[in-house]
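*Asks:* After the structure tokens below, expect a handful of questions from me.
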Amino acid sequence: MGFVEEPVYAQLARIGKAVSSPVRLRLLDLLDQHELSVEQLAEEAGVGLKNTSAQLQHLRAAHLITARKDGNRVLYRLADPDVSVFLGHLQDFAAGRLADLRDAVADLLGEPGEWQPVTAEELRGRLEDVVVVDVRSPAAYAEWHIPGAISIPGSKIVDRIDELPKGRDIVAYCSGPYCVASPKAVRQLRDHGRRARTLAGGATRWRRSGQPVEA
């Protein structure tokens with residue numbers, strides 16, 4: 001007797017289908033950081049506008065994202081914090097199961113041992129002792145950031161190196177777990193004699209784990 005698809009499994013499969021596309025996963029990763037229009041998402045993801053719009057409809061159908069009107073624009077965001085938690089579990093589970101994913105992340109960011117990443121929980125307990133540098137865009141920093149963080153976009157690290165003390169530990173962070181800006185910043189800081197590390201998972205992991213933020 002062949003398998004008869006039951007409604008329960010059919011509904012569960014809707015979530016699996018929604019996150020089965022690399023493009024949709026990238027869009028969710030971007031929306032985990034802040035609200036964005038379809039045009040902004042297309043630009044940041046490097047995907048065509050028509051394709052981005054189609055992928056967003058798949059995510060809305062699975063209730064993973066929602067949207068609101070802002071004048072003539074439509075802004076998209078994650079449906080609720082549970083979606084962010086789900087994405088975190090998916091990323092961690094996949095990293096634990098897939099050696100190819102671990103290799104791909106190492107190729108993108110470098111080996112974790114090189115940057116000695118600080119966990120969100122560890123940094124929370126050291127906010128008074130370290131200099132925290134937000135290397136995201138000024139707009140992302142203005143929307144929200146780690147308490148006490150200094151905004152120095154990654155492209156300005158070398159130009160503003162004198163603002164950062166040599167005698168204190170520095171933790172640099174960017175947007176999410178696959179963002180290349182903070183490892184690059186740490187390399188530049190170390191080249192100029194600063195003690196620097198990255199924040200594991202970036203700003204996304206910080207907020208996802210329930211740590212405080214400032215706006």
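Scheme for the structure tokens: letters A, B, ... for chains in order shown; per-chain residue numbers from 1; ligand numbers from 1 in order shown.
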Counting only C-alpha atoms, give me one row per residue of segment 152-209 of chain A with an atom at most 8 Å from an atom of segment 117-130 of chain A, showing the shortest contact pair and its distance in Å to one decimal, sorted by chain then residue number, as a Markdown table.
*Replies:*
```
| residue | atom | partner | partner_atom | distance |
| --- | --- | --- | --- | --- |
| A:Arg168 | CA | A:Val130 | CA | 6.2 |
| A:Asp169 | CA | A:Val130 | CA | 5.1 |
| A:Ile170 | CA | A:Val130 | CA | 5.6 |
| A:Val171 | CA | A:Val130 | CA | 7.0 |
| A:Arg197 | CA | A:Pro117 | CA | 5.7 |
| A:Thr198 | CA | A:Pro117 | CA | 4.7 |
| A:Leu199 | CA | A:Val118 | CA | 4.9 |
| A:Ala200 | CA | A:Pro117 | CA | 5.1 |
| A:Gly201 | CA | A:Thr119 | CA | 7.9 |
| A:Arg205 | CA | A:Ala120 | CA | 7.1 |
| A:Trp206 | CA | A:Ala120 | CA | 5.3 |
| A:Ser209 | CA | A:Ala120 | CA | 7.4 |
```
*Asks:* Each residue of segment 63-127 of chain A with at least one atom at most 7 Å from segment 29-34 of chain A should appear once, together with its nearest atom pair and the corresponding distance in Å (one decimal); atoms considered: only C-alpha atoms; ordering: chain, then increasing residue number; output as JSON lines.
*Replies:*
```
{"residue": "A:Arg77", "atom": "CA", "partner": "A:Leu31", "partner_atom": "CA", "distance": 5.3}
{"residue": "A:Leu78", "atom": "CA", "partner": "A:Leu31", "partner_atom": "CA", "distance": 6.0}
{"residue": "A:Ser84", "atom": "CA", "partner": "A:Asp32", "partner_atom": "CA", "distance": 6.2}
```
*Asks:* Would you please work out which residue, of A:Lys166, A:Glu214, A:Asp92, A:Ile150, is nearest to Asp191 of chain A when using only C-alpha atoms?
*Replies:*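 That would be A:Lys166, the residue with the smallest distance to Asp191 of chain A.
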*Asks:* Just the residues within 9 Å of Asp134 of chain A, please, counting only C-alpha atoms, with nothing from its chain fewer than 2 positions along; format it as a PyMOL selection string.
*Replies:* chain A and resi 132+136-138+141+145-146+149-154+171-175+182+203
*Asks:* List every residue of segment 75-95 of chain A that has an atom at most 12 Å from any atom of segment 103-111 of chain A, giving for each one its closest atom pair and the distance in Å to one decimal, counting only C-alpha atoms, sorted by chain and then by ascending residue number, as CSV.
*Replies:*
```
residue,atom,partner,partner_atom,distance
A:Gln91,CA,A:Val105,CA,11.2
A:Ala94,CA,A:Val105,CA,11.6
A:Ala95,CA,A:Val105,CA,9.1
```
*Asks:* With C-alpha atoms retained, write the just-selected residues as a PDB file, in the first residue's frame.
*Replies:*
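Generated file (selection.pdb):
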```pdb
ATOM      1  CA  GLN A  91      21.859  27.284  11.316  1.00  0.00           C
ATOM      2  CA  ALA A  94      23.028  22.377   9.963  1.00  0.00           C
ATOM      3  CA  ALA A  95      26.508  23.358  11.152  1.00  0.00           C
TER       4      ALA A  95
END
```
*Asks:* Got a sec to tell me which of segment 29-146 of chain A DSSP assigns to strand (DSSP E or B), as a PyMOL selection string?
*Replies:* chain A and resi 36-37+65-70+73-78+118+131-134+145
*Asks:* If you keep N, CA and C atoms, can you produce a file of those selected residues as a PDB file, in the first residue's frame?
*Replies:*
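What follows is the written file part-v7.pdb:
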```pdb
ATOM      1  N   LEU A  36      12.964  45.876   5.610  1.00  0.00           N
ATOM      2  CA  LEU A  36      13.505  46.299   4.320  1.00  0.00           C
ATOM      3  C   LEU A  36      12.402  46.251   3.267  1.00  0.00           C
ATOM      4  N   SER A  37      12.514  47.119   2.283  1.00  0.00           N
ATOM      5  CA  SER A  37      11.616  47.076   1.146  1.00  0.00           C
ATOM      6  C   SER A  37      12.103  46.014   0.166  1.00  0.00           C
ATOM      7  N   ILE A  65       7.202  35.730   7.297  1.00  0.00           N
ATOM      8  CA  ILE A  65       7.398  37.177   7.253  1.00  0.00           C
ATOM      9  C   ILE A  65       6.048  37.866   7.172  1.00  0.00           C
ATOM     10  N   THR A  66       6.065  39.147   7.451  1.00  0.00           N
ATOM     11  CA  THR A  66       4.874  39.968   7.312  1.00  0.00           C
ATOM     12  C   THR A  66       5.283  41.281   6.673  1.00  0.00           C
ATOM     13  N   ALA A  67       4.317  42.122   6.364  1.00  0.00           N
ATOM     14  CA  ALA A  67       4.614  43.368   5.664  1.00  0.00           C
ATOM     15  C   ALA A  67       3.678  44.465   6.138  1.00  0.00           C
ATOM     16  N   ARG A  68       4.129  45.702   5.958  1.00  0.00           N
ATOM     17  CA  ARG A  68       3.290  46.857   6.285  1.00  0.00           C
ATOM     18  C   ARG A  68       3.565  47.953   5.267  1.00  0.00           C
ATOM     19  N   LYS A  69       2.571  48.827   5.108  1.00  0.00           N
ATOM     20  CA  LYS A  69       2.698  49.953   4.194  1.00  0.00           C
ATOM     21  C   LYS A  69       3.393  51.106   4.900  1.00  0.00           C
ATOM     22  N   ASP A  70       4.293  51.749   4.173  1.00  0.00           N
ATOM     23  CA  ASP A  70       4.967  52.951   4.650  1.00  0.00           C
ATOM     24  C   ASP A  70       4.955  53.957   3.501  1.00  0.00           C
ATOM     25  N   ARG A  73       5.696  52.684  -0.084  1.00  0.00           N
ATOM     26  CA  ARG A  73       6.542  51.498  -0.002  1.00  0.00           C
ATOM     27  C   ARG A  73       5.878  50.413   0.835  1.00  0.00           C
ATOM     28  N   VAL A  74       6.274  49.187   0.583  1.00  0.00           N
ATOM     29  CA  VAL A  74       5.906  48.056   1.436  1.00  0.00           C
ATOM     30  C   VAL A  74       7.181  47.580   2.116  1.00  0.00           C
ATOM     31  N   LEU A  75       7.173  47.537   3.440  1.00  0.00           N
ATOM     32  CA  LEU A  75       8.329  47.094   4.208  1.00  0.00           C
ATOM     33  C   LEU A  75       8.069  45.699   4.759  1.00  0.00           C
ATOM     34  N   TYR A  76       9.061  44.831   4.616  1.00  0.00           N
ATOM     35  CA  TYR A  76       8.951  43.450   5.065  1.00  0.00           C
ATOM     36  C   TYR A  76       9.775  43.239   6.333  1.00  0.00           C
ATOM     37  N   ARG A  77       9.324  42.325   7.172  1.00  0.00           N
ATOM     38  CA  ARG A  77      10.054  41.965   8.395  1.00  0.00           C
ATOM     39  C   ARG A  77       9.672  40.538   8.766  1.00  0.00           C
ATOM     40  N   LEU A  78      10.446  39.951   9.681  1.00  0.00           N
ATOM     41  CA  LEU A  78      10.071  38.630  10.183  1.00  0.00           C
ATOM     42  C   LEU A  78       8.726  38.700  10.884  1.00  0.00           C
ATOM     43  N   VAL A 118      33.979  35.815  20.507  1.00  0.00           N
ATOM     44  CA  VAL A 118      33.370  35.952  21.829  1.00  0.00           C
ATOM     45  C   VAL A 118      31.880  35.635  21.695  1.00  0.00           C
ATOM     46  N   VAL A 131      36.130  47.383  24.507  1.00  0.00           N
ATOM     47  CA  VAL A 131      35.630  48.353  23.546  1.00  0.00           C
ATOM     48  C   VAL A 131      34.888  47.580  22.462  1.00  0.00           C
ATOM     49  N   VAL A 132      33.620  47.879  22.293  1.00  0.00           N
ATOM     50  CA  VAL A 132      32.795  47.182  21.313  1.00  0.00           C
ATOM     51  C   VAL A 132      32.649  48.077  20.081  1.00  0.00           C
ATOM     52  N   VAL A 133      32.956  47.540  18.923  1.00  0.00           N
ATOM     53  CA  VAL A 133      32.921  48.308  17.679  1.00  0.00           C
ATOM     54  C   VAL A 133      31.896  47.694  16.730  1.00  0.00           C
ATOM     55  N   ASP A 134      30.934  48.500  16.325  1.00  0.00           N
ATOM     56  CA  ASP A 134      29.901  48.100  15.372  1.00  0.00           C
ATOM     57  C   ASP A 134      30.379  48.494  13.985  1.00  0.00           C
ATOM     58  N   HIS A 145      21.768  48.856  18.350  1.00  0.00           N
ATOM     59  CA  HIS A 145      23.152  48.380  18.482  1.00  0.00           C
ATOM     60  C   HIS A 145      23.378  47.863  19.894  1.00  0.00           C
TER      61      HIS A 145
END
```
*Asks:* Pull the helix (DSSP H, G or I) assignments for segment 63-185 of chain A out of DSSP run on the backbone, and list those residues as a ChimeraX atom specification.
*Replies:* /A:81-97,99-109,112-115,120-124,138-143,154-156,161-163,181-185
*Asks:* Segment 7-19 of chain A: which residues within 12 Å, counting only C-alpha atoms, same-chain residues fewer than 5 positions away excluded, as a PDB file with N, CA and C atoms, in the first residue's frame?
*Replies:*
```pdb
ATOM      1  N   ARG A  24      15.683  32.357  -0.468  1.00  0.00           N
ATOM      2  CA  ARG A  24      14.745  32.668   0.615  1.00  0.00           C
ATOM      3  C   ARG A  24      15.451  32.679   1.969  1.00  0.00           C
ATOM      4  N   LEU A  25      16.408  31.781   2.160  1.00  0.00           N
ATOM      5  CA  LEU A  25      17.178  31.795   3.407  1.00  0.00           C
ATOM      6  C   LEU A  25      17.972  33.092   3.537  1.00  0.00           C
ATOM      7  N   ARG A  26      18.537  33.560   2.433  1.00  0.00           N
ATOM      8  CA  ARG A  26      19.273  34.823   2.452  1.00  0.00           C
ATOM      9  C   ARG A  26      18.346  35.988   2.786  1.00  0.00           C
ATOM     10  N   LEU A  27      17.144  36.002   2.222  1.00  0.00           N
ATOM     11  CA  LEU A  27      16.190  37.069   2.509  1.00  0.00           C
ATOM     12  C   LEU A  27      15.781  37.047   3.985  1.00  0.00           C
ATOM     13  N   LEU A  28      15.555  35.859   4.525  1.00  0.00           N
ATOM     14  CA  LEU A  28      15.223  35.762   5.946  1.00  0.00           C
ATOM     15  C   LEU A  28      16.370  36.267   6.812  1.00  0.00           C
ATOM     16  N   ASP A  29      17.602  35.946   6.413  1.00  0.00           N
ATOM     17  CA  ASP A  29      18.768  36.415   7.153  1.00  0.00           C
ATOM     18  C   ASP A  29      18.827  37.937   7.170  1.00  0.00           C
ATOM     19  N   ALA A  54       8.926  37.458  -5.840  1.00  0.00           N
ATOM     20  CA  ALA A  54       8.313  36.127  -5.874  1.00  0.00           C
ATOM     21  C   ALA A  54       8.699  35.307  -4.648  1.00  0.00           C
ATOM     22  N   GLN A  55       9.962  35.395  -4.247  1.00  0.00           N
ATOM     23  CA  GLN A  55      10.423  34.627  -3.080  1.00  0.00           C
ATOM     24  C   GLN A  55       9.765  35.135  -1.798  1.00  0.00           C
ATOM     25  N   LEU A  56       9.539  36.426  -1.714  1.00  0.00           N
ATOM     26  CA  LEU A  56       8.868  36.994  -0.539  1.00  0.00           C
ATOM     27  C   LEU A  56       7.443  36.463  -0.418  1.00  0.00           C
ATOM     28  N   GLN A  57       6.788  36.252  -1.535  1.00  0.00           N
ATOM     29  CA  GLN A  57       5.427  35.721  -1.485  1.00  0.00           C
ATOM     30  C   GLN A  57       5.414  34.296  -0.930  1.00  0.00           C
ATOM     31  N   HIS A  58       6.424  33.499  -1.256  1.00  0.00           N
ATOM     32  CA  HIS A  58       6.537  32.157  -0.679  1.00  0.00           C
ATOM     33  C   HIS A  58       6.692  32.240   0.844  1.00  0.00           C
ATOM     34  N   LEU A  59       7.517  33.170   1.292  1.00  0.00           N
ATOM     35  CA  LEU A  59       7.752  33.315   2.730  1.00  0.00           C
ATOM     36  C   LEU A  59       6.519  33.833   3.448  1.00  0.00           C
ATOM     37  N   ARG A  60       5.782  34.717   2.815  1.00  0.00           N
ATOM     38  CA  ARG A  60       4.535  35.211   3.420  1.00  0.00           C
ATOM     39  C   ARG A  60       3.503  34.097   3.509  1.00  0.00           C
ATOM     40  N   ALA A  61       3.445  33.254   2.489  1.00  0.00           N
ATOM     41  CA  ALA A  61       2.466  32.161   2.481  1.00  0.00           C
ATOM     42  C   ALA A  61       2.711  31.187   3.627  1.00  0.00           C
ATOM     43  N   ALA A  62       3.968  31.059   4.039  1.00  0.00           N
ATOM     44  CA  ALA A  62       4.314  30.175   5.162  1.00  0.00           C
ATOM     45  C   ALA A  62       4.293  30.920   6.489  1.00  0.00           C
ATOM     46  N   HIS A  63       3.879  32.175   6.470  1.00  0.00           N
ATOM     47  CA  HIS A  63       3.761  33.004   7.681  1.00  0.00           C
ATOM     48  C   HIS A  63       5.105  33.187   8.392  1.00  0.00           C
ATOM     49  N   LEU A  64       6.174  33.236   7.606  1.00  0.00           N
ATOM     50  CA  LEU A  64       7.492  33.493   8.177  1.00  0.00           C
ATOM     51  C   LEU A  64       7.824  34.979   8.168  1.00  0.00           C
ATOM     52  N   ILE A  65       7.202  35.730   7.297  1.00  0.00           N
ATOM     53  CA  ILE A  65       7.398  37.177   7.253  1.00  0.00           C
ATOM     54  C   ILE A  65       6.048  37.866   7.172  1.00  0.00           C
ATOM     55  N   VAL A  83      10.530  33.333  14.642  1.00  0.00           N
ATOM     56  CA  VAL A  83      11.141  33.011  13.350  1.00  0.00           C
ATOM     57  C   VAL A  83      12.658  33.154  13.443  1.00  0.00           C
ATOM     58  N   PHE A  86      13.979  30.186  15.272  1.00  0.00           N
ATOM     59  CA  PHE A  86      13.961  29.037  14.365  1.00  0.00           C
ATOM     60  C   PHE A  86      15.157  29.076  13.415  1.00  0.00           C
ATOM     61  N   LEU A  87      15.457  30.247  12.860  1.00  0.00           N
ATOM     62  CA  LEU A  87      16.600  30.370  11.960  1.00  0.00           C
ATOM     63  C   LEU A  87      17.906  30.039  12.676  1.00  0.00           C
ATOM     64  N   LEU A  90      18.116  26.336  13.060  1.00  0.00           N
ATOM     65  CA  LEU A  90      18.406  25.727  11.762  1.00  0.00           C
ATOM     66  C   LEU A  90      19.885  25.863  11.418  1.00  0.00           C
ATOM     67  N   GLN A  91      20.444  27.050  11.615  1.00  0.00           N
ATOM     68  CA  GLN A  91      21.859  27.284  11.316  1.00  0.00           C
ATOM     69  C   GLN A  91      22.754  26.418  12.192  1.00  0.00           C
TER      70      GLN A  91
END
```
*Asks:* Need to verify the contact set: Trp144 of chain A, 9 Å, only C-alpha atoms, exclusion of same-chain residues closer than 5 positions in sequence. Can you return it as a list of chain:residue names?
*Replies:*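 Here the qualifying residues turn out to be A:Ala139, A:Val213, A:Glu214, A:Ala215.
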*Asks:* As an exercise, work out the distance from atom CA of Glu39 of chain A to atom CA of Pro22 of chain A in Å and give it to one decimal place.
*Replies:*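 These atoms are spaced 18.4 Å apart.
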*Asks:* Mind checking which residues fall within 9 Å of Ala42 of chain A, counting only C-alpha atoms, ignoring those fewer than 5 positions away in the same chain, and posting them as a count of residues only?
*Replies:* 9
*Asks:* List as a VMD selection string the protein and nucleic acid residues near Gln188 of chain A, meaning an atom at most 10 Å away when only C-alpha atoms are counted, but skip any in the same chain fewer than 4 places from it.
*Replies:* chain A and resid 154 157 to 158 161 182 to 184 192 to 194 196
*Asks:* Output the selection as a tab-separated table (two decimals), in the first residue's frame - N, CA and C atoms for each residue.
*Replies:*
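Writing done, so here's selection-v2.tsv:
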```tsv
chain	number	residue	atom	x	y	z
A	154	GLY	N	33.06	49.28	8.59
A	154	GLY	CA	34.23	48.49	8.26
A	154	GLY	C	35.20	49.19	7.32
A	157	ILE	N	37.71	51.61	9.30
A	157	ILE	CA	38.50	51.13	10.44
A	157	ILE	C	39.91	51.71	10.42
A	158	VAL	N	40.59	51.60	9.31
A	158	VAL	CA	41.99	52.07	9.24
A	158	VAL	C	42.04	53.59	9.42
A	161	ILE	N	41.55	54.41	13.20
A	161	ILE	CA	42.22	53.49	14.12
A	161	ILE	C	42.69	54.18	15.39
A	182	SER	N	33.27	41.87	10.03
A	182	SER	CA	33.96	41.88	11.32
A	182	SER	C	35.28	41.10	11.29
A	183	PRO	N	35.38	39.92	10.64
A	183	PRO	CA	36.70	39.30	10.53
A	183	PRO	C	37.72	40.19	9.82
A	184	LYS	N	37.28	40.88	8.78
A	184	LYS	CA	38.18	41.79	8.08
A	184	LYS	C	38.63	42.93	9.00
A	192	HIS	N	47.33	46.73	13.26
A	192	HIS	CA	47.71	48.02	13.83
A	192	HIS	C	47.91	47.94	15.34
A	193	GLY	N	48.18	46.76	15.83
A	193	GLY	CA	48.58	46.61	17.21
A	193	GLY	C	47.48	46.56	18.24
A	194	ARG	N	46.24	46.36	17.81
A	194	ARG	CA	45.14	46.27	18.77
A	194	ARG	C	44.80	44.81	19.06
A	196	ALA	N	42.06	42.36	19.25
A	196	ALA	CA	40.70	42.36	18.74
A	196	ALA	C	40.19	40.94	18.50
```
